[in-house]
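Structure file data-v7.cif with mmCIF, N, CA and C atoms:
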data_my_file
#
loop_
_atom_site.label_atom_id
_atom_site.label_comp_id
_atom_site.auth_asym_id
_atom_site.auth_seq_id
_atom_site.Cartn_x
_atom_site.Cartn_y
_atom_site.Cartn_z
N MET A 1 175.04 44.15 97.26
CA MET A 1 174.62 42.83 97.74
C MET A 1 175.67 41.80 97.31
N GLN A 2 175.96 40.86 98.19
CA GLN A 2 176.94 39.83 97.89
C GLN A 2 176.41 38.93 96.78
N PRO A 3 177.27 38.55 95.80
CA PRO A 3 176.80 37.73 94.66
C PRO A 3 176.13 36.43 95.09
N ASN A 4 176.71 35.69 96.04
CA ASN A 4 176.09 34.42 96.46
C ASN A 4 174.78 34.65 97.18
N LEU A 5 174.66 35.76 97.92
CA LEU A 5 173.41 36.08 98.59
C LEU A 5 172.33 36.40 97.57
N ARG A 6 172.69 37.13 96.53
CA ARG A 6 171.74 37.47 95.47
C ARG A 6 171.16 36.21 94.83
N SER A 7 172.00 35.24 94.53
CA SER A 7 171.50 34.01 93.91
C SER A 7 170.59 33.24 94.86
N GLU A 8 170.88 33.28 96.17
CA GLU A 8 170.01 32.63 97.15
C GLU A 8 168.66 33.34 97.24
N VAL A 9 168.67 34.66 97.15
CA VAL A 9 167.42 35.42 97.18
C VAL A 9 166.58 35.09 95.96
N ILE A 10 167.21 35.02 94.81
CA ILE A 10 166.48 34.69 93.57
C ILE A 10 165.87 33.30 93.68
N LYS A 11 166.64 32.34 94.19
CA LYS A 11 166.10 30.98 94.39
C LYS A 11 164.92 31.01 95.34
N SER A 12 165.04 31.80 96.40
CA SER A 12 163.97 31.90 97.39
C SER A 12 162.69 32.47 96.77
N ILE A 13 162.84 33.49 95.96
CA ILE A 13 161.68 34.11 95.32
C ILE A 13 160.97 33.13 94.39
N ARG A 14 161.74 32.27 93.76
CA ARG A 14 161.19 31.33 92.77
C ARG A 14 160.63 30.05 93.39
N ARG A 15 160.75 29.89 94.70
CA ARG A 15 160.23 28.68 95.33
C ARG A 15 158.73 28.59 95.15
N ARG A 16 158.29 27.42 94.79
CA ARG A 16 156.85 27.18 94.62
C ARG A 16 156.22 26.89 95.97
N VAL A 17 154.97 27.29 96.10
CA VAL A 17 154.24 27.03 97.33
C VAL A 17 153.64 25.64 97.24
N ASP A 18 154.00 24.82 98.22
CA ASP A 18 153.45 23.48 98.33
C ASP A 18 152.47 23.50 99.50
N PRO A 19 151.22 23.11 99.30
CA PRO A 19 150.22 23.20 100.39
C PRO A 19 150.63 22.44 101.65
N GLU A 20 151.24 21.28 101.50
CA GLU A 20 151.67 20.50 102.68
C GLU A 20 152.78 21.23 103.44
N GLU A 21 153.73 21.78 102.69
CA GLU A 21 154.81 22.51 103.33
C GLU A 21 154.26 23.77 104.01
N TYR A 22 153.34 24.44 103.37
CA TYR A 22 152.71 25.62 103.97
C TYR A 22 152.09 25.26 105.31
N ARG A 23 151.36 24.16 105.36
CA ARG A 23 150.72 23.73 106.60
C ARG A 23 151.77 23.41 107.67
N ALA A 24 152.89 22.80 107.25
CA ALA A 24 153.95 22.47 108.20
C ALA A 24 154.59 23.73 108.76
N ILE A 25 154.83 24.72 107.91
CA ILE A 25 155.42 25.99 108.35
C ILE A 25 154.47 26.68 109.34
N ARG A 26 153.21 26.74 108.97
CA ARG A 26 152.20 27.38 109.83
C ARG A 26 152.10 26.67 111.18
N LYS A 27 152.05 25.35 111.15
CA LYS A 27 151.95 24.56 112.38
C LYS A 27 153.17 24.80 113.28
N LEU A 28 154.35 24.85 112.68
CA LEU A 28 155.55 25.07 113.48
C LEU A 28 155.57 26.48 114.06
N TRP A 29 155.13 27.47 113.29
CA TRP A 29 155.07 28.84 113.81
C TRP A 29 154.10 28.92 114.99
N ILE A 30 152.97 28.24 114.89
CA ILE A 30 152.00 28.22 115.99
C ILE A 30 152.64 27.58 117.22
N ALA A 31 153.34 26.47 117.04
CA ALA A 31 154.02 25.81 118.17
C ALA A 31 155.05 26.74 118.79
N HIS A 32 155.79 27.45 117.95
CA HIS A 32 156.80 28.40 118.44
C HIS A 32 156.12 29.51 119.25
N SER A 33 155.04 30.05 118.74
CA SER A 33 154.33 31.14 119.41
C SER A 33 153.74 30.70 120.75
N ILE A 34 153.18 29.52 120.78
CA ILE A 34 152.62 28.99 122.04
C ILE A 34 153.73 28.81 123.06
N ALA A 35 154.87 28.26 122.62
CA ALA A 35 156.00 28.07 123.53
C ALA A 35 156.52 29.42 124.04
N GLU A 36 156.58 30.41 123.15
CA GLU A 36 157.05 31.73 123.56
C GLU A 36 156.10 32.34 124.60
N ASP A 37 154.81 32.25 124.37
CA ASP A 37 153.83 32.79 125.33
C ASP A 37 153.94 32.10 126.69
N ALA A 38 154.29 30.82 126.67
CA ALA A 38 154.41 30.05 127.91
C ALA A 38 155.80 30.14 128.54
N HIS A 39 156.71 30.89 127.90
CA HIS A 39 158.11 30.98 128.34
C HIS A 39 158.75 29.60 128.41
N ASP A 40 158.38 28.75 127.47
CA ASP A 40 158.84 27.37 127.39
C ASP A 40 160.05 27.30 126.46
N ILE A 41 161.24 27.48 127.03
CA ILE A 41 162.45 27.51 126.19
C ILE A 41 162.69 26.17 125.49
N PRO A 42 162.55 25.01 126.14
CA PRO A 42 162.71 23.76 125.40
C PRO A 42 161.71 23.65 124.23
N GLY A 43 160.49 24.12 124.44
CA GLY A 43 159.51 24.12 123.35
C GLY A 43 159.93 25.01 122.20
N LEU A 44 160.51 26.16 122.52
CA LEU A 44 161.03 27.05 121.48
C LEU A 44 162.17 26.38 120.72
N MET A 45 163.09 25.76 121.45
CA MET A 45 164.25 25.12 120.82
C MET A 45 163.82 23.97 119.89
N ALA A 46 162.69 23.34 120.20
CA ALA A 46 162.19 22.24 119.36
C ALA A 46 161.77 22.71 117.98
N THR A 47 161.60 24.02 117.79
CA THR A 47 161.18 24.56 116.49
C THR A 47 162.36 25.03 115.64
N LEU A 48 163.58 24.87 116.17
CA LEU A 48 164.77 25.44 115.53
C LEU A 48 165.78 24.39 115.11
N THR A 49 166.53 24.72 114.05
CA THR A 49 167.64 23.86 113.63
C THR A 49 168.76 23.97 114.67
N GLU A 50 169.64 22.98 114.71
CA GLU A 50 170.77 22.99 115.65
C GLU A 50 171.67 24.19 115.42
N ASP A 51 171.82 24.58 114.16
CA ASP A 51 172.73 25.69 113.81
C ASP A 51 172.00 27.02 113.64
N CYS A 52 170.89 27.18 114.32
CA CYS A 52 170.08 28.40 114.18
C CYS A 52 170.88 29.65 114.56
N THR A 53 170.41 30.78 114.03
CA THR A 53 171.02 32.07 114.35
C THR A 53 169.91 33.06 114.67
N TYR A 54 170.07 33.76 115.77
CA TYR A 54 169.18 34.85 116.15
C TYR A 54 169.95 36.14 115.94
N THR A 55 169.40 37.05 115.13
CA THR A 55 170.07 38.31 114.85
C THR A 55 169.10 39.46 115.09
N VAL A 56 169.53 40.43 115.88
CA VAL A 56 168.80 41.69 116.00
C VAL A 56 169.44 42.60 114.97
N VAL A 57 168.74 42.77 113.86
CA VAL A 57 169.30 43.43 112.69
C VAL A 57 169.73 44.86 112.98
N ASN A 58 168.91 45.63 113.72
CA ASN A 58 169.27 47.02 113.93
C ASN A 58 170.48 47.22 114.83
N SER A 59 170.88 46.23 115.60
CA SER A 59 172.09 46.37 116.41
C SER A 59 173.23 45.50 115.90
N GLY A 60 172.91 44.55 115.02
CA GLY A 60 173.94 43.64 114.51
C GLY A 60 174.33 42.55 115.50
N THR A 61 173.60 42.44 116.59
CA THR A 61 173.90 41.43 117.61
C THR A 61 173.34 40.08 117.17
N SER A 62 174.16 39.02 117.32
CA SER A 62 173.73 37.67 116.93
C SER A 62 174.06 36.66 118.00
N TRP A 63 173.24 35.62 118.06
CA TRP A 63 173.45 34.46 118.91
C TRP A 63 173.40 33.25 118.00
N HIS A 64 174.27 32.26 118.24
CA HIS A 64 174.38 31.13 117.32
C HIS A 64 174.10 29.81 118.03
N GLY A 65 173.45 28.92 117.29
CA GLY A 65 173.12 27.60 117.81
C GLY A 65 172.02 27.67 118.86
N LYS A 66 171.60 26.49 119.29
CA LYS A 66 170.52 26.45 120.29
C LYS A 66 170.97 27.04 121.62
N ALA A 67 172.26 26.93 121.94
CA ALA A 67 172.76 27.56 123.17
C ALA A 67 172.62 29.08 123.07
N GLY A 68 172.93 29.63 121.92
CA GLY A 68 172.79 31.06 121.72
C GLY A 68 171.33 31.50 121.74
N ALA A 69 170.45 30.71 121.09
CA ALA A 69 169.02 31.04 121.07
C ALA A 69 168.46 30.98 122.49
N THR A 70 168.92 30.01 123.28
CA THR A 70 168.49 29.92 124.68
C THR A 70 168.92 31.16 125.44
N GLN A 71 170.16 31.60 125.21
CA GLN A 71 170.67 32.81 125.86
C GLN A 71 169.83 34.03 125.46
N PHE A 72 169.49 34.12 124.16
CA PHE A 72 168.64 35.22 123.70
C PHE A 72 167.33 35.25 124.48
N TYR A 73 166.65 34.09 124.56
CA TYR A 73 165.36 34.05 125.25
C TYR A 73 165.49 34.28 126.75
N GLN A 74 166.53 33.74 127.36
CA GLN A 74 166.71 33.98 128.79
C GLN A 74 166.89 35.46 129.08
N SER A 75 167.67 36.16 128.24
CA SER A 75 167.87 37.59 128.48
C SER A 75 166.59 38.38 128.20
N LEU A 76 165.85 38.00 127.16
CA LEU A 76 164.58 38.67 126.87
C LEU A 76 163.60 38.49 128.02
N LEU A 77 163.48 37.27 128.51
CA LEU A 77 162.50 36.98 129.56
C LEU A 77 162.93 37.51 130.93
N THR A 78 164.22 37.73 131.11
CA THR A 78 164.70 38.40 132.33
C THR A 78 164.36 39.89 132.26
N ALA A 79 164.60 40.48 131.09
CA ALA A 79 164.33 41.90 130.91
C ALA A 79 162.83 42.19 130.95
N PHE A 80 162.04 41.30 130.35
CA PHE A 80 160.58 41.48 130.26
C PHE A 80 159.89 40.20 130.73
N PRO A 81 159.81 39.97 132.05
CA PRO A 81 159.24 38.71 132.54
C PRO A 81 157.78 38.50 132.14
N ASP A 82 157.09 39.58 131.83
CA ASP A 82 155.68 39.48 131.45
C ASP A 82 155.47 39.87 129.98
N VAL A 83 156.49 39.70 129.16
CA VAL A 83 156.41 40.14 127.77
C VAL A 83 155.19 39.53 127.08
N HIS A 84 154.55 40.36 126.30
CA HIS A 84 153.39 39.91 125.51
C HIS A 84 153.55 40.44 124.10
N PHE A 85 153.33 39.56 123.12
CA PHE A 85 153.41 39.94 121.72
C PHE A 85 152.00 39.94 121.14
N ASP A 86 151.58 41.10 120.66
CA ASP A 86 150.27 41.26 120.03
C ASP A 86 150.48 41.29 118.52
N LEU A 87 150.20 40.18 117.87
CA LEU A 87 150.43 40.03 116.44
C LEU A 87 149.61 41.06 115.66
N GLN A 88 150.28 41.77 114.75
CA GLN A 88 149.63 42.77 113.91
C GLN A 88 149.45 42.26 112.48
N TYR A 89 150.51 41.67 111.93
CA TYR A 89 150.50 41.15 110.56
C TYR A 89 151.33 39.89 110.51
N ILE A 90 150.98 39.00 109.58
CA ILE A 90 151.76 37.78 109.38
C ILE A 90 151.69 37.38 107.91
N VAL A 91 152.83 36.89 107.41
CA VAL A 91 152.90 36.35 106.06
C VAL A 91 153.60 35.00 106.19
N ILE A 92 152.98 33.97 105.64
CA ILE A 92 153.57 32.63 105.66
C ILE A 92 153.77 32.20 104.21
N GLY A 93 154.96 31.74 103.91
CA GLY A 93 155.26 31.27 102.56
C GLY A 93 156.35 30.22 102.61
N PRO A 94 156.79 29.75 101.46
CA PRO A 94 157.79 28.70 101.44
C PRO A 94 159.15 29.13 101.99
N GLN A 95 159.36 30.42 102.12
CA GLN A 95 160.62 30.92 102.68
C GLN A 95 160.60 30.96 104.20
N GLY A 96 159.41 30.90 104.80
CA GLY A 96 159.27 30.97 106.24
C GLY A 96 158.11 31.86 106.64
N VAL A 97 158.25 32.51 107.77
CA VAL A 97 157.20 33.36 108.31
C VAL A 97 157.77 34.75 108.57
N PHE A 98 156.99 35.76 108.24
CA PHE A 98 157.34 37.14 108.55
C PHE A 98 156.17 37.70 109.35
N GLU A 99 156.49 38.30 110.48
CA GLU A 99 155.43 38.86 111.31
C GLU A 99 155.81 40.25 111.82
N GLU A 100 154.78 41.01 112.12
CA GLU A 100 154.94 42.28 112.81
C GLU A 100 154.09 42.18 114.06
N ALA A 101 154.67 42.57 115.18
CA ALA A 101 153.95 42.48 116.45
C ALA A 101 154.24 43.71 117.29
N LEU A 102 153.34 43.97 118.22
CA LEU A 102 153.54 45.00 119.22
C LEU A 102 153.88 44.27 120.51
N ALA A 103 155.05 44.54 121.05
CA ALA A 103 155.50 43.89 122.28
C ALA A 103 155.33 44.86 123.45
N THR A 104 154.87 44.33 124.56
CA THR A 104 154.73 45.12 125.77
C THR A 104 155.21 44.30 126.95
N GLY A 105 155.72 44.99 127.95
CA GLY A 105 156.13 44.30 129.17
C GLY A 105 156.81 45.25 130.12
N MET A 106 156.90 44.84 131.38
CA MET A 106 157.60 45.62 132.39
C MET A 106 159.09 45.42 132.18
N TYR A 107 159.81 46.50 131.97
CA TYR A 107 161.23 46.47 131.63
C TYR A 107 162.05 46.39 132.92
N GLN A 108 162.47 45.17 133.28
CA GLN A 108 163.07 44.90 134.59
C GLN A 108 164.59 44.83 134.59
N ALA A 109 165.22 44.53 133.45
CA ALA A 109 166.68 44.38 133.40
C ALA A 109 167.18 44.82 132.03
N GLN A 110 168.41 45.31 131.99
CA GLN A 110 168.99 45.80 130.74
C GLN A 110 168.86 44.73 129.66
N TRP A 111 168.49 45.16 128.46
CA TRP A 111 168.36 44.24 127.33
C TRP A 111 168.88 44.91 126.07
N LEU A 112 169.77 44.23 125.39
CA LEU A 112 170.38 44.72 124.14
C LEU A 112 170.91 46.13 124.34
N ASN A 113 170.64 46.99 123.38
CA ASN A 113 171.12 48.37 123.49
C ASN A 113 169.99 49.34 123.83
N LEU A 114 168.95 48.81 124.47
CA LEU A 114 167.84 49.67 124.90
C LEU A 114 168.31 50.57 126.03
N PRO A 115 167.59 51.66 126.27
CA PRO A 115 167.93 52.50 127.43
C PRO A 115 167.89 51.67 128.72
N ALA A 116 168.49 52.19 129.76
CA ALA A 116 168.54 51.47 131.05
C ALA A 116 167.14 51.06 131.49
N ALA A 117 167.07 49.91 132.13
CA ALA A 117 165.79 49.38 132.61
C ALA A 117 165.18 50.34 133.63
N THR A 118 163.87 50.51 133.51
CA THR A 118 163.16 51.49 134.35
C THR A 118 162.18 50.84 135.33
N GLY A 119 161.87 49.57 135.12
CA GLY A 119 160.85 48.93 135.94
C GLY A 119 159.45 49.32 135.51
N GLN A 120 159.36 50.13 134.45
CA GLN A 120 158.06 50.56 133.94
C GLN A 120 157.71 49.79 132.68
N ARG A 121 156.45 49.88 132.30
CA ARG A 121 155.97 49.20 131.10
C ARG A 121 156.60 49.85 129.87
N LEU A 122 157.11 49.01 128.97
CA LEU A 122 157.70 49.48 127.72
C LEU A 122 156.93 48.85 126.58
N GLU A 123 156.72 49.62 125.54
CA GLU A 123 156.01 49.14 124.36
C GLU A 123 156.94 49.35 123.17
N PHE A 124 157.08 48.31 122.34
CA PHE A 124 157.90 48.45 121.15
C PHE A 124 157.36 47.54 120.06
N ALA A 125 157.58 47.97 118.83
CA ALA A 125 157.17 47.17 117.68
C ALA A 125 158.35 46.28 117.27
N VAL A 126 158.03 45.09 116.80
CA VAL A 126 159.06 44.19 116.28
C VAL A 126 158.59 43.60 114.96
N THR A 127 159.54 43.43 114.07
CA THR A 127 159.30 42.63 112.88
C THR A 127 160.26 41.46 112.98
N ILE A 128 159.77 40.29 112.63
CA ILE A 128 160.57 39.08 112.79
C ILE A 128 160.40 38.20 111.56
N LEU A 129 161.53 37.77 111.03
CA LEU A 129 161.56 36.78 109.96
C LEU A 129 162.03 35.47 110.56
N PHE A 130 161.25 34.43 110.34
CA PHE A 130 161.60 33.07 110.74
C PHE A 130 161.97 32.31 109.46
N PRO A 131 163.24 32.27 109.06
CA PRO A 131 163.59 31.55 107.84
C PRO A 131 163.34 30.05 108.01
N TRP A 132 162.83 29.42 106.96
CA TRP A 132 162.43 28.02 106.96
C TRP A 132 163.52 27.16 106.32
N ASP A 133 163.85 26.05 106.93
CA ASP A 133 164.75 25.06 106.34
C ASP A 133 163.90 23.90 105.85
N PRO A 134 163.68 23.79 104.53
CA PRO A 134 162.78 22.75 104.02
C PRO A 134 163.31 21.33 104.23
N LYS A 135 164.61 21.16 104.34
CA LYS A 135 165.17 19.82 104.53
C LYS A 135 164.92 19.31 105.95
N GLN A 136 165.01 20.22 106.93
CA GLN A 136 164.82 19.82 108.32
C GLN A 136 163.42 20.12 108.85
N SER A 137 162.64 20.88 108.07
CA SER A 137 161.30 21.30 108.48
C SER A 137 161.31 22.01 109.83
N LEU A 138 162.28 22.92 109.96
CA LEU A 138 162.44 23.73 111.16
C LEU A 138 162.83 25.15 110.76
N PHE A 139 162.74 26.06 111.70
CA PHE A 139 163.21 27.42 111.46
C PHE A 139 164.71 27.49 111.72
N THR A 140 165.40 28.32 110.94
CA THR A 140 166.85 28.48 111.10
C THR A 140 167.19 29.62 112.04
N GLY A 141 166.20 30.11 112.77
CA GLY A 141 166.40 31.18 113.74
C GLY A 141 165.41 32.30 113.52
N GLU A 142 165.84 33.51 113.87
CA GLU A 142 165.02 34.69 113.70
C GLU A 142 165.90 35.86 113.30
N ARG A 143 165.35 36.72 112.46
CA ARG A 143 165.95 38.01 112.12
C ARG A 143 164.96 39.05 112.63
N ILE A 144 165.38 39.83 113.62
CA ILE A 144 164.48 40.69 114.38
C ILE A 144 164.87 42.15 114.19
N CYS A 145 163.88 42.99 113.99
CA CYS A 145 164.07 44.45 114.03
C CYS A 145 163.18 44.99 115.14
N ILE A 146 163.76 45.84 115.97
CA ILE A 146 163.04 46.41 117.11
C ILE A 146 162.88 47.90 116.89
N PHE A 147 161.65 48.39 117.12
CA PHE A 147 161.33 49.80 116.94
C PHE A 147 160.72 50.32 118.24
N ILE A 148 161.50 51.09 118.99
CA ILE A 148 161.01 51.65 120.25
C ILE A 148 160.14 52.86 119.95
N LYS A 149 158.99 52.94 120.59
CA LYS A 149 158.08 54.07 120.37
C LYS A 149 158.48 55.24 121.23
#
If you took the structure in this file and wrote it as structure tokens, what would it be?
Amino acid sequence: MQPNLRSEVIKSIRRRVDPEEYRAIRKLWIAHSIAEDAHDIPGLMATLTEDCTYTVVNSGTSWHGKAGATQFYQSLLTAFPDVHFDLQYIVIGPQGVFEEALATGMYQAQWLNLPAATGQRLEFAVTILFPWDPKQSLFTGERICIFIK
């Protein structure tokens, strides 16, 4: 582990939970989820810092800034126009939000390093970390792991 990353992790672990901040994180995650369900990209961007980063951890693919996050969502929604996320678990804390969901949708166009699009329903599990920026009260992006069944 990189030395500077280790010190950031230690600081993150030691962060105290503030009830007001917890409510703000939860409220923003709800806004993000509603926007995602509605395919509302401007609504999604309103929950993110300008310098946000979207990373699919298992492929190492990243998108940077709101332009990159928009590209991520446009490609996801093109590949899965009817994507639905069924929340399985969620943890909210001062570091942000961590969730596990089951995603389903008709696989219409190539996405990431998944097998070629089939036009058939695809089901996959995702875990997503939404890191929280306490100074801006926004998420700094998403760290996503995808598990194809």
Residues returned when the PyMOL selection byres ((chain A and resi 119) around 6) runs on this file, as a ChimeraX atom specification: /A:106-108,117-118,120-121
Using only C-alpha atoms: which of A:Glu50, A:Glu8, A:Glu142, A:Asp37 has the shortest distance to Gly96 (chain A): A:Glu142
Residue among A:Arg16, A:Arg143, A:Trp63, A:Leu76 lying closest to Leu112 (chain A), counting only N, CA and C atoms: A:Leu76
Which residues, written as a short mmCIF file (atom, residue, chain, number, x, y, z; two decimals) with N, CA and C atoms, keeping the file's coordinate frame, have at least one atom at most 7 Å from region 78-86 of chain A, with only C-alpha atoms counted and residues fewer than 3 positions away on the same chain left out?
data_model
loop_
_atom_site.label_atom_id
_atom_site.label_comp_id
_atom_site.auth_asym_id
_atom_site.auth_seq_id
_atom_site.Cartn_x
_atom_site.Cartn_y
_atom_site.Cartn_z
N GLN A 74 166.53 33.74 127.36
CA GLN A 74 166.71 33.98 128.79
C GLN A 74 166.89 35.46 129.08
N SER A 75 167.67 36.16 128.24
CA SER A 75 167.87 37.59 128.48
C SER A 75 166.59 38.38 128.20
N ALA A 101 154.67 42.57 115.18
CA ALA A 101 153.95 42.48 116.45
C ALA A 101 154.24 43.71 117.29
N LEU A 102 153.34 43.97 118.22
CA LEU A 102 153.54 45.00 119.22
C LEU A 102 153.88 44.27 120.51
N ALA A 103 155.05 44.54 121.05
CA ALA A 103 155.50 43.89 122.28
C ALA A 103 155.33 44.86 123.45
N THR A 104 154.87 44.33 124.56
CA THR A 104 154.73 45.12 125.77
C THR A 104 155.21 44.30 126.95
N GLY A 105 155.72 44.99 127.95
CA GLY A 105 156.13 44.30 129.17
C GLY A 105 156.81 45.25 130.12
N MET A 106 156.90 44.84 131.38
CA MET A 106 157.60 45.62 132.39
C MET A 106 159.09 45.42 132.18
N TYR A 107 159.81 46.50 131.97
CA TYR A 107 161.23 46.47 131.63
C TYR A 107 162.05 46.39 132.92
N GLN A 108 162.47 45.17 133.28
CA GLN A 108 163.07 44.90 134.59
C GLN A 108 164.59 44.83 134.59
N ALA A 109 165.22 44.53 133.45
CA ALA A 109 166.68 44.38 133.40
C ALA A 109 167.18 44.82 132.03
N GLN A 110 168.41 45.31 131.99
CA GLN A 110 168.99 45.80 130.74
C GLN A 110 168.86 44.73 129.66
N TRP A 111 168.49 45.16 128.46
CA TRP A 111 168.36 44.24 127.33
C TRP A 111 168.88 44.91 126.07
#
Atomic distance CA of Gly93 (chain A) - CA of Ser59 (chain A), expressed in Å with one decimal: 26.5 Å
